[in-house]
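Next comes coords.tsv, a file with TSV, C-alpha atoms.
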chain	number	residue	atom	x	y	z
A	515	MET	CA	52.14	30.84	90.14
A	516	ALA	CA	53.73	27.82	91.85
A	517	PHE	CA	57.26	27.94	93.23
A	518	GLU	CA	58.46	25.57	90.50
A	519	ASP	CA	57.11	27.78	87.71
A	520	MET	CA	58.64	30.94	89.12
A	521	TRP	CA	61.98	29.17	89.64
A	522	ALA	CA	61.96	27.88	86.08
A	523	ALA	CA	61.28	31.38	84.74
A	524	LEU	CA	64.37	32.80	86.46
A	525	LEU	CA	66.70	29.87	85.91
A	526	PRO	CA	67.96	30.77	82.39
A	527	VAL	CA	68.51	34.48	83.11
A	528	GLY	CA	72.19	35.42	83.19
A	529	ARG	CA	73.42	31.82	83.04
A	530	ASP	CA	76.72	31.13	81.31
A	531	ARG	CA	76.30	28.17	78.98
A	532	GLU	CA	79.92	27.08	79.31
A	533	HIS	CA	80.51	26.98	83.08
A	534	GLY	CA	76.88	26.94	84.23
A	535	GLY	CA	77.30	29.82	86.66
A	536	TYR	CA	75.41	33.09	86.78
A	537	ASP	CA	76.57	36.60	85.92
A	538	ARG	CA	73.73	38.81	87.18
A	539	PHE	CA	75.52	42.03	88.07
A	540	ALA	CA	73.64	45.03	89.41
A	541	TRP	CA	71.94	47.14	86.73
A	542	THR	CA	73.23	45.02	83.84
A	543	PRO	CA	70.77	43.40	81.38
A	544	PRO	CA	70.48	40.02	83.18
A	545	GLU	CA	69.84	41.63	86.56
A	546	LEU	CA	67.43	44.13	85.03
A	547	GLU	CA	65.56	41.19	83.48
A	548	CYS	CA	65.29	39.68	86.96
A	549	ARG	CA	63.93	42.99	88.22
A	550	ASP	CA	61.32	43.00	85.46
A	551	TRP	CA	60.35	39.48	86.51
A	552	PHE	CA	59.89	40.76	90.09
A	553	LEU	CA	57.67	43.62	88.94
A	554	ASP	CA	55.57	41.30	86.78
A	555	GLU	CA	55.08	38.86	89.67
A	556	ALA	CA	54.09	41.65	92.04
A	557	ARG	CA	51.68	43.37	89.67
A	558	GLY	CA	50.18	40.05	88.62
A	559	ARG	CA	49.12	39.56	92.25
A	560	GLY	CA	47.69	43.05	92.52
A	561	PHE	CA	50.39	44.19	94.94
A	562	THR	CA	51.45	47.79	95.36
A	563	VAL	CA	54.97	48.18	93.93
A	564	GLU	CA	57.56	50.63	95.23
A	565	ARG	CA	61.11	51.36	94.10
A	566	ASP	CA	63.07	53.47	96.55
A	567	ALA	CA	65.70	56.05	95.57
A	568	ASN	CA	68.47	53.46	96.05
A	569	GLY	CA	67.08	50.99	93.53
A	570	ASN	CA	65.59	48.56	96.06
A	571	LEU	CA	62.26	47.01	95.05
A	572	PHE	CA	59.28	46.39	97.34
A	573	ALA	CA	55.97	44.66	96.67
A	574	TRP	CA	53.25	45.25	99.28
A	575	TRP	CA	50.33	43.02	100.23
A	576	LEU	CA	48.24	45.45	102.24
A	577	PRO	CA	45.71	44.36	104.88
A	578	ASP	CA	41.99	45.05	104.65
A	579	ASN	CA	42.18	47.46	107.60
A	580	GLY	CA	44.25	49.88	105.51
A	581	VAL	CA	47.22	49.84	107.89
A	582	ARG	CA	50.51	50.66	106.15
A	583	GLU	CA	52.81	50.75	109.17
A	584	ASP	CA	54.59	48.02	111.15
A	585	ALA	CA	55.05	45.87	108.06
A	586	VAL	CA	56.48	42.37	108.02
A	587	VAL	CA	59.02	42.35	105.18
A	588	THR	CA	60.74	39.36	103.61
A	589	GLY	CA	62.84	38.82	100.47
A	590	SER	CA	66.50	38.89	99.44
A	591	HIS	CA	68.37	39.95	96.28
A	592	LEU	CA	68.56	39.03	92.57
A	593	ASP	CA	72.18	39.85	91.67
A	594	SER	CA	75.04	37.33	91.75
A	595	VAL	CA	78.78	37.00	92.16
A	596	PRO	CA	80.74	36.21	88.97
A	597	GLY	CA	79.93	32.63	88.01
A	598	GLY	CA	77.63	32.30	91.01
A	599	GLY	CA	75.00	29.73	91.89
A	600	ALA	CA	71.30	29.86	91.17
A	601	PHE	CA	70.09	29.89	94.77
A	602	ASP	CA	72.01	32.67	96.54
A	603	GLY	CA	69.48	35.50	96.61
A	604	PRO	CA	66.74	34.44	94.18
A	605	LEU	CA	65.64	31.57	96.44
A	606	GLY	CA	64.59	34.10	99.07
A	607	VAL	CA	62.65	36.24	96.59
A	608	VAL	CA	60.88	33.35	94.85
A	609	SER	CA	60.09	31.76	98.22
A	610	ALA	CA	58.61	35.04	99.44
A	611	PHE	CA	56.12	35.19	96.58
A	612	ALA	CA	55.35	31.49	96.97
A	613	ALA	CA	54.80	31.84	100.73
A	614	VAL	CA	52.38	34.71	100.23
A	615	ASP	CA	50.56	32.64	97.61
A	616	LEU	CA	50.13	29.85	100.16
A	617	LEU	CA	48.68	32.27	102.70
A	618	ARG	CA	46.22	33.69	100.19
A	619	GLU	CA	45.18	30.21	99.06
A	620	ARG	CA	44.47	29.35	102.69
A	621	GLY	CA	42.35	32.42	103.19
A	622	VAL	CA	44.77	34.23	105.50
A	623	ARG	CA	44.16	37.95	105.77
A	624	PRO	CA	47.09	39.70	107.48
A	625	GLY	CA	46.59	42.31	110.15
A	626	ARG	CA	49.90	43.93	109.21
A	627	PRO	CA	51.25	44.71	105.72
A	628	ILE	CA	53.50	42.05	104.23
A	629	GLY	CA	56.28	43.27	101.97
A	630	ILE	CA	58.54	41.40	99.55
A	631	ALA	CA	61.91	43.04	98.91
A	632	ALA	CA	64.62	42.69	96.29
A	633	PHE	CA	67.68	44.64	97.40
A	634	ALA	CA	70.17	46.14	94.95
A	635	GLU	CA	73.84	45.13	94.56
A	636	GLU	CA	73.90	42.74	97.53
A	637	GLU	CA	76.96	40.86	96.30
A	638	GLY	CA	79.00	43.94	95.47
A	639	ALA	CA	80.26	42.13	92.39
A	640	ARG	CA	80.00	45.17	90.14
A	641	PHE	CA	80.80	48.14	92.38
A	642	GLY	CA	82.81	46.52	95.16
A	643	VAL	CA	80.65	47.23	98.23
A	644	ALA	CA	78.42	44.39	99.38
A	645	CYS	CA	74.80	45.08	100.38
A	646	LEU	CA	74.97	48.50	98.75
A	647	GLY	CA	71.20	48.95	98.44
A	648	SER	CA	70.47	48.04	102.05
A	649	ARG	CA	73.49	50.03	103.27
A	650	LEU	CA	72.17	53.13	101.56
A	651	LEU	CA	68.66	52.56	102.89
A	652	ALA	CA	69.95	52.08	106.44
A	653	GLY	CA	72.42	54.96	106.31
A	654	ALA	CA	75.40	52.61	106.60
A	655	ILE	CA	77.37	54.20	103.74
A	656	ASP	CA	77.91	57.81	102.73
A	657	PRO	CA	75.82	58.58	99.63
A	658	ALA	CA	78.63	60.64	98.07
A	659	ARG	CA	81.00	57.69	98.37
A	660	ALA	CA	78.38	55.35	96.92
A	661	ARG	CA	77.75	57.61	93.92
A	662	GLY	CA	81.46	57.60	93.12
A	663	LEU	CA	81.98	53.83	93.17
A	664	THR	CA	82.91	52.52	89.72
A	665	ASP	CA	83.02	49.17	87.96
A	666	ARG	CA	85.89	47.82	85.84
A	667	ASP	CA	84.71	49.83	82.85
A	668	GLY	CA	84.64	53.11	84.79
A	669	VAL	CA	80.84	53.23	85.00
A	670	SER	CA	79.82	54.77	88.31
A	671	VAL	CA	76.92	53.91	90.59
A	672	ALA	CA	75.53	57.34	89.71
A	673	ASP	CA	75.67	56.43	86.02
A	674	ALA	CA	73.98	53.07	86.61
A	675	LEU	CA	71.19	54.61	88.67
A	676	ALA	CA	70.58	57.35	86.11
A	677	GLY	CA	70.48	54.72	83.39
A	678	ASP	CA	67.68	53.00	85.32
A	679	GLY	CA	65.71	56.21	85.62
A	680	LEU	CA	66.73	57.08	89.17
A	681	ASP	CA	68.12	60.38	90.47
A	682	PRO	CA	71.60	59.69	91.95
A	683	GLY	CA	71.31	62.85	94.03
A	684	ARG	CA	68.46	61.32	96.07
A	685	ILE	CA	70.18	58.14	97.27
A	686	GLY	CA	70.66	57.57	100.98
A	687	PRO	CA	68.64	56.77	104.11
A	688	ASP	CA	64.88	56.61	103.72
A	689	GLU	CA	63.49	57.18	107.19
A	690	ASP	CA	59.89	57.03	106.03
A	691	LEU	CA	60.36	53.61	104.45
A	692	LEU	CA	62.38	52.27	107.37
A	693	GLY	CA	59.76	53.60	109.76
A	694	ARG	CA	57.11	51.48	108.04
A	695	ILE	CA	59.07	48.24	108.48
A	696	GLY	CA	58.27	46.44	111.71
A	697	CYS	CA	60.62	43.52	111.07
A	698	TYR	CA	62.53	41.80	108.27
A	699	VAL	CA	62.85	38.03	107.80
A	700	GLU	CA	65.19	36.82	105.05
A	701	LEU	CA	65.14	33.29	103.69
A	702	HIS	CA	68.43	32.15	102.16
A	703	VAL	CA	70.12	28.98	101.03
A	704	GLU	CA	72.61	27.88	103.70
A	705	GLN	CA	76.13	28.48	102.42
A	706	GLY	CA	77.92	25.65	104.17
A	707	ARG	CA	77.26	22.17	105.52
A	708	ALA	CA	76.21	23.11	109.05
A	709	LEU	CA	72.47	22.58	108.48
A	710	THR	CA	71.50	18.89	108.42
A	711	VAL	CA	67.71	19.29	108.32
A	712	PRO	CA	65.64	21.09	105.66
A	713	VAL	CA	65.19	24.40	107.50
A	714	GLY	CA	67.09	26.27	110.21
A	715	ALA	CA	67.40	29.76	111.68
A	716	ALA	CA	70.34	32.15	112.01
A	717	SER	CA	71.75	33.31	115.31
A	718	SER	CA	74.35	35.77	114.02
A	719	ILE	CA	76.67	36.84	111.21
A	720	VAL	CA	80.37	36.79	112.01
A	721	PRO	CA	82.50	39.92	111.39
A	722	HIS	CA	83.59	40.28	107.77
A	723	GLY	CA	85.09	42.82	105.41
A	724	ARG	CA	86.84	43.59	102.14
A	725	TRP	CA	90.16	45.38	101.66
A	726	ARG	CA	91.85	46.58	98.48
A	727	PHE	CA	95.63	46.18	98.29
A	728	ASP	CA	97.45	48.32	95.71
A	729	PHE	CA	101.01	47.40	94.72
A	730	ALA	CA	102.93	50.03	92.72
A	731	GLY	CA	106.19	48.96	91.06
A	732	GLU	CA	107.88	49.68	87.75
A	733	GLY	CA	106.84	48.29	84.39
A	734	ASN	CA	109.71	46.92	82.34
A	735	HIS	CA	110.80	44.33	79.77
A	736	ALA	CA	110.52	40.69	80.85
A	737	GLY	CA	113.61	39.62	78.95
A	738	THR	CA	116.11	42.44	79.33
A	739	THR	CA	115.56	43.55	82.93
A	740	LEU	CA	117.94	41.85	85.39
A	741	LEU	CA	116.35	40.31	88.48
A	742	ALA	CA	118.33	42.68	90.71
A	743	ASP	CA	116.97	45.69	88.84
A	744	ARG	CA	113.30	44.75	89.02
A	745	ARG	CA	110.54	46.45	91.01
A	746	ASP	CA	107.97	43.75	90.40
A	747	PRO	CA	104.62	44.25	92.17
A	748	MET	CA	103.66	40.64	91.46
A	749	LEU	CA	106.21	39.45	94.01
A	750	ALA	CA	104.56	41.54	96.73
A	751	PHE	CA	101.17	40.31	95.56
A	752	ALA	CA	102.35	36.69	95.77
A	753	ARG	CA	103.56	37.26	99.33
A	754	MET	CA	100.17	38.74	100.16
A	755	VAL	CA	98.31	35.64	98.96
A	756	LEU	CA	100.53	33.28	100.96
A	757	ALA	CA	100.45	35.56	103.99
A	758	ALA	CA	96.65	35.59	103.94
A	759	ARG	CA	96.51	31.83	104.44
A	760	ASP	CA	99.14	31.89	107.20
A	761	ALA	CA	97.55	34.83	109.04
A	762	ALA	CA	94.11	33.25	108.86
A	763	GLU	CA	95.41	30.02	110.40
A	764	ARG	CA	97.15	31.91	113.21
A	765	ASN	CA	94.11	34.02	114.05
A	766	GLY	CA	91.35	31.47	113.61
A	767	THR	CA	89.79	33.34	110.69
A	768	VAL	CA	89.33	32.76	106.98
A	769	ALA	CA	90.96	34.92	104.31
A	770	THR	CA	90.51	34.87	100.55
A	771	VAL	CA	92.14	36.65	97.63
A	772	GLY	CA	89.70	36.07	94.79
A	773	LYS	CA	90.07	39.13	92.60
A	774	VAL	CA	93.17	40.71	91.06
A	775	HIS	CA	93.87	43.27	88.33
A	776	VAL	CA	97.34	43.37	86.77
A	777	THR	CA	98.51	46.40	84.77
A	778	PRO	CA	99.33	46.32	81.91
A	779	GLY	CA	98.69	42.56	81.79
A	780	GLY	CA	101.23	41.54	79.15
A	781	VAL	CA	102.95	38.14	79.15
A	782	ASN	CA	106.32	39.65	78.27
A	783	ALA	CA	106.11	42.70	80.51
A	784	ILE	CA	106.86	43.19	84.21
A	785	PRO	CA	103.67	44.73	85.62
A	786	SER	CA	103.69	48.34	86.73
A	787	SER	CA	100.93	47.83	89.28
A	788	VAL	CA	98.66	45.22	90.80
A	789	ALA	CA	95.35	45.67	92.60
A	790	ALA	CA	94.09	42.77	94.71
A	791	TRP	CA	91.16	42.31	97.04
A	792	LEU	CA	91.25	40.51	100.39
A	793	ASP	CA	88.10	39.11	101.98
A	794	SER	CA	88.55	38.24	105.65
A	795	ARG	CA	86.03	36.88	108.17
A	796	GLY	CA	86.21	35.46	111.65
A	797	PRO	CA	84.48	34.91	114.98
A	798	VAL	CA	85.56	38.22	116.56
A	799	ASP	CA	86.50	41.65	115.24
A	800	ASP	CA	90.02	41.68	116.68
A	801	ALA	CA	90.94	38.44	114.95
A	802	VAL	CA	89.79	39.74	111.57
A	803	ARG	CA	91.64	43.04	112.03
A	804	ARG	CA	94.83	41.24	113.06
A	805	THR	CA	94.62	39.06	109.98
A	806	VAL	CA	94.50	42.08	107.68
A	807	GLU	CA	97.32	43.87	109.52
A	808	GLU	CA	99.56	40.81	109.34
A	809	VAL	CA	98.88	40.40	105.63
A	810	HIS	CA	99.77	44.05	105.05
A	811	ARG	CA	103.04	43.72	106.95
A	812	ALA	CA	104.00	40.56	105.08
A	813	ALA	CA	103.30	42.00	101.61
A	814	ARG	CA	106.64	43.77	101.33
A	815	GLU	CA	109.03	43.94	98.41
A	816	ASP	CA	111.95	46.29	97.78
A	817	GLY	CA	110.98	49.06	95.42
A	818	VAL	CA	107.25	48.28	95.60
A	819	GLU	CA	104.80	50.55	97.41
A	820	VAL	CA	101.91	48.81	99.15
A	821	SER	CA	98.73	50.58	100.28
A	822	VAL	CA	95.56	49.18	101.80
A	823	ALA	CA	92.04	50.62	101.74
A	824	GLU	CA	89.05	49.20	103.59
A	825	GLU	CA	86.14	49.02	101.17
A	826	SER	CA	83.56	47.60	103.55
A	827	TYR	CA	83.37	46.11	107.02
A	828	THR	CA	80.57	44.71	109.15
A	829	GLU	CA	81.03	43.88	112.80
A	830	VAL	CA	79.35	40.86	114.36
A	831	VAL	CA	75.58	40.95	113.88
A	832	ASP	CA	73.38	39.25	116.44
A	833	PHE	CA	69.89	38.84	115.07
A	834	ASP	CA	66.97	40.01	117.16
A	835	THR	CA	66.59	37.41	119.92
A	836	ALA	CA	62.86	37.89	120.49
A	837	LEU	CA	62.07	37.71	116.78
A	838	ARG	CA	64.29	34.67	116.28
A	839	ASP	CA	62.78	32.85	119.27
A	840	ARG	CA	59.25	33.61	118.11
A	841	MET	CA	60.10	32.33	114.65
A	842	VAL	CA	61.71	29.13	115.98
A	843	GLU	CA	58.71	28.50	118.24
A	844	ALA	CA	56.27	29.00	115.36
A	845	LEU	CA	58.19	26.33	113.44
A	846	GLY	CA	58.08	23.87	116.32
A	847	GLY	CA	61.79	24.18	117.03
A	848	VAL	CA	64.44	24.29	114.30
A	849	PRO	CA	68.25	24.40	114.58
A	850	VAL	CA	69.84	27.79	115.20
A	851	LEU	CA	73.29	28.43	113.73
A	852	PRO	CA	75.68	31.31	112.95
A	853	THR	CA	76.84	32.12	109.45
A	854	GLY	CA	80.01	33.46	107.89
A	855	ALA	CA	78.13	34.98	104.95
A	856	GLY	CA	76.94	38.57	104.84
A	857	HIS	CA	73.32	39.44	104.03
A	858	ASP	CA	71.04	42.44	103.70
A	859	ALA	CA	69.42	41.24	106.94
A	860	GLY	CA	72.72	41.91	108.69
A	861	ILE	CA	72.76	45.51	107.49
A	862	LEU	CA	69.11	46.18	108.32
A	863	ALA	CA	69.62	44.72	111.80
A	864	SER	CA	71.00	48.08	112.93
A	865	ARG	CA	67.66	49.75	112.16
A	866	VAL	CA	64.87	47.15	112.44
A	867	PRO	CA	64.45	43.72	114.10
A	868	THR	CA	65.71	41.10	111.67
A	869	ALA	CA	65.91	37.32	111.46
A	870	MET	CA	66.93	34.70	108.90
A	871	LEU	CA	65.75	31.28	107.77
A	872	PHE	CA	68.15	28.89	106.06
A	873	VAL	CA	67.36	26.11	103.58
A	874	ARG	CA	69.73	23.14	103.61
A	875	ASN	CA	72.53	22.99	101.04
A	876	PRO	CA	73.65	19.36	100.58
A	877	THR	CA	76.80	20.25	98.63
A	878	GLY	CA	77.95	22.88	101.12
A	879	VAL	CA	79.07	24.89	98.08
A	880	SER	CA	78.02	28.47	97.45
A	881	HIS	CA	79.06	31.28	95.08
A	882	ALA	CA	79.69	28.56	92.49
A	883	PRO	CA	77.62	26.63	89.93
A	884	SER	CA	77.25	23.55	92.16
A	885	GLU	CA	75.38	25.52	94.83
A	886	TYR	CA	72.18	23.56	95.37
A	887	ALA	CA	69.09	22.89	97.44
A	888	GLU	CA	66.79	19.90	96.98
A	889	PRO	CA	63.32	20.75	95.59
A	890	ASP	CA	61.63	19.26	98.65
A	891	ASP	CA	63.82	21.37	100.94
A	892	CYS	CA	62.95	24.49	98.95
A	893	LEU	CA	59.25	23.72	99.38
A	894	ALA	CA	59.84	23.13	103.09
A	895	GLY	CA	61.43	26.58	103.20
A	896	VAL	CA	58.36	28.10	101.54
A	897	GLU	CA	56.09	26.38	104.06
A	898	ALA	CA	58.26	27.57	106.95
A	899	LEU	CA	58.32	31.14	105.66
A	900	ALA	CA	54.53	31.09	105.21
A	901	THR	CA	54.14	29.91	108.81
A	902	VAL	CA	56.40	32.68	110.09
A	903	LEU	CA	54.70	35.39	108.03
A	904	LYS	CA	51.26	34.28	109.17
A	905	ASP	CA	52.38	34.38	112.81
A	906	LEU	CA	54.10	37.76	112.58
A	907	ALA	CA	51.43	39.44	110.44
A	908	ARG	CA	48.76	38.79	113.07
A	909	GLY	CA	50.14	41.85	114.84

For this file, write the structure as C-alpha cells.
Amino acid sequence: MAFEDMWAALLPVGRDREHGGYDRFAWTPPELECRDWFLDEARGRGFTVERDANGNLFAWWLPDNGVREDAVVTGSHLDSVPGGGAFDGPLGVVSAFAAVDLLRERGVRPGRPIGIAAFAEEEGARFGVACLGSRLLAGAIDPARARGLTDRDGVSVADALAGDGLDPGRIGPDEDLLGRIGCYVELHVEQGRALTVPVGAASSIVPHGRWRFDFAGEGNHAGTTLLADRRDPMLAFARMVLAARDAAERNGTVATVGKVHVTPGGVNAIPSSVAAWLDSRGPVDDAVRRTVEEVHRAAREDGVEVSVAEESYTEVVDFDTALRDRMVEALGGVPVLPTGAGHDAGILASRVPTAMLFVRNPTGVSHAPSEYAEPDDCLAGVEALATVLKDLARG
C-alpha cells in the first residue's frame, strides 16, 4: 500500500472534530485502533509479528538466509499528547512500512532482518512517564514502579496491560529481544524550524525531564475567608509558573508548566491542593537541574506545603557517531542537528546503536494540530529511510 493510502487510513483515528488535534492515549480505543492498523499492515505483507511483554509491537521482514540476529530496526510510536499533531510518531511508522515496500518493489533482499517497531506510551500522556515501552524494554525504569503508575481515572499500567491481554508481572527488560537488534533508526517529523531542507539527521537529544509539584493548603470558602487567613495553594502554584520562566531565562534552558490539577476545582472554593507538572530541558544537565531547584525555592507561600518528585529524566544522548556518519554518507550528505525533543531512540541508545532521521516541519509547530510536513518532504523521508535500510541491511 502506498504511503498516501496508509496515511489516509490513520488520519481520522482519534481526531477531535472541534480542535483538529489527536487524542491517542496508550491502550485507549483510538490507540488500540492504531495498533490494529499496524498488525494488519504487517500481516498483509507476510511479516512475522511480535508483541513483547511491555506492549511494544514489532514486524519482521526476515532475510532468505534465515538469520534472525543483528536486525536493523526502524519505526516510532502511535500514541499522542492531548490535542497533538498527526505527524509526531505515526510518520515514522508509516514511513517504515513504505520504505520497506520500496525496497521490495526494487527487488532488494536484505542480508539482515529488518524490523518495524511501534513503541508503547512514548508521549507519557496517560501514565506520566515518557517512552515507557522503550524504557521498560531497555531496563531504564523499575517494573514495579511502572506497574503502579496510574492515569487520571486511577487506572494503572498493570490494569491497562491486563486489559490488552498482557501479563503485568512479566514487564521489564527483554535481553533476548535487545540482543537481536543490531541498530535502531527512527524517522520523525522535526519539531522545530532548524531543518531547512527536506531531510536531516540527529546529532543528539538535549537533557530533559518532568517533575511533579504538589501544593497542599487548606480548602475554604471563597467569600467568607479573609485574605490573611487563607492557605491558598494556587498562590504558590502561580509563583511556580512565573518562576519557571525566570529560571529558564537565567539558566539558558526552557521550562513549561502545561498540566495542572486543582482540588476540589470549585469556582467559589479556595483549593485544598494543587498538582502541577514542570517540563524542563536544556543544553547541559546542570542547567536543567538548577532550573528545577530555583523553581522549587521560588514556589513558597505561607501555610502551603510544597513537595517535588522527579517523574522522569534523561541525560544528554549522543547518537552513535559511526551509525550517524554512515547514514549521512549513504544519503550524500544531509544536515546534522540536535533536538530538544525526547524519543524512543534516545532511550534505546543506552543499549543499542541508534540514529534518527528528521523530516522538515515548515510550521515549526509540534504537539499541536498545526504540526505539519509537506507531502513531498514525507516522500523524501521515505526514500531516505529506504536508502539507509538498504545500506545497513547489507550486513

So that I can check the surroundings of Gly817 in chain A, please list as a PDB file with C-alpha atoms, keeping the file's coordinate frame every protein, DNA and RNA residue that reaches within 10 Å of it, counting all atoms listed in the file and ignoring chain neighbours fewer than 3 positions away.
ATOM      1  CA  ALA A 730     102.930  50.030  92.720  1.00  0.00           C
ATOM      2  CA  GLY A 731     106.190  48.960  91.060  1.00  0.00           C
ATOM      3  CA  GLU A 732     107.880  49.680  87.750  1.00  0.00           C
ATOM      4  CA  ASP A 743     116.970  45.690  88.840  1.00  0.00           C
ATOM      5  CA  ARG A 744     113.300  44.750  89.020  1.00  0.00           C
ATOM      6  CA  ARG A 745     110.540  46.450  91.010  1.00  0.00           C
ATOM      7  CA  ASP A 746     107.970  43.750  90.400  1.00  0.00           C
ATOM      8  CA  PRO A 747     104.620  44.250  92.170  1.00  0.00           C
ATOM      9  CA  ALA A 750     104.560  41.540  96.730  1.00  0.00           C
ATOM     10  CA  ARG A 814     106.640  43.770 101.330  1.00  0.00           C
ATOM     11  CA  VAL A 820     101.910  48.810  99.150  1.00  0.00           C
TER      12      VAL A 820
END

**Item:** Selection: 7 Å around Leu792 in chain A, all atoms listed in the file, excl. self and same-chain fewer than 4 positions, as JSON, numbers by chain
**Value:** {"A": [724, 725, 726, 769, 770, 771]}

Give me the range 672-717 of chain A side of the contact with range 595-604 of chain A, cut-off 9 Å, one line per residue showing its nearest atom pair and distance in Å at one decimal, counting all atoms listed in the file, sorted by chain and residue number, as a tab-separated table.
residue	atom	partner	partner_atom	distance
A:Leu701	CA	A:Gly603	CA	8.6
A:His702	CA	A:Gly603	CA	6.6
A:Val703	CA	A:Asp602	CA	6.1
A:Glu704	CA	A:Asp602	CA	8.6
A:Gln705	CA	A:Asp602	CA	8.3

**Prompt:** What does the distance from CA of Thr877 in chain A to CA of Arg707 in chain A come to in Å, to one decimal?
**Reply:**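 These two atoms are separated by 7.2 Å.
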
**Message:** Between A:Phe727, A:Arg661, A:Leu740, A:Thr901, which residue has the minimum interatomic distance to Asp681 in chain A, considering only C-alpha atoms?
**Reply:**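 Among the listed residues, the smallest separation from Asp681 in chain A belongs to A:Arg661.
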
**Asked** CA of Gly693 in chain A and CA of Met841 in chain A are how many Å apart?
**Response**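 Distance between the two atoms: 21.8 Å.
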
**Request:** Can you pull out every residue within 9 Å of Gly638 in chain A, counting all atoms listed in the file, but drop anything in the same chain fewer than 4 positions away, and send it as a PyMOL selection string?
**Result:** chain A and resi 539-540+593-595+642-646

**Message:** Using only C-alpha atoms, can you tell me which of A:Glu583, A:Asp519, A:Asp554, A:Asp566 comes closest to Gly686 in chain A?
**Reply:**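 Between A:Glu583, A:Asp519, A:Asp554, A:Asp566, the residue approaching Gly686 in chain A most closely is A:Asp566.
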
**Request:** Please measure the separation of CA of Ala790 in chain A and CA of Thr767 in chain A, giving the value in Å to one decimal.
**Result:** 19.0 Å

**Request:** Please determine the residues with any atom at most 12 Å from (60.2, 46.6, 89.0) (coordinates as given in the file, with only C-alpha atoms counting) and report them as a ChimeraX atom specification.
**Result:** /A:541,545-558,561-566,569-573,592,630-634,678-679

**Residues near Val896 in chain A, cut-off 12 Å, only C-alpha atoms, skip fewer than 4 positions along chain, as a PyMOL selection string** = chain A and resi 516-518+588-589+605-617+700-703+712-713+871-873+889-892+900-903

**Asked** What lies within 10 Å of Gly706 in chain A using all atoms listed in the file, ignoring chain neighbours under 3 positions off, as a VMD selection string?
**Response** chain A and resid 703 709 853 to 855 874 to 880 885

**Item:** Selection as a list in words: residues within 10 Å of (63.4, 41.4, 113.7), counting all atoms listed in the file
**Value:** Val586, Val587, Ile695, Gly696, Cys697, Tyr698, Val699, Glu700, Phe833, Asp834, Thr835, Ala836, Leu837, Arg838, Arg840, Met841, Ala859, Leu862, Ala863, Arg865, Val866, Pro867, Thr868, Ala869 and Met870 of chain A

Axis-aligned box over every listed atom of range 800-808 of chain A, padded by 3 Å per side: centre and edges in Å to one decimal, as AutoDock Vina command-line options?
--center_x 94.7 --center_y 41.2 --center_z 112.2 --size_x 15.8 --size_y 11.4 --size_z 15.0
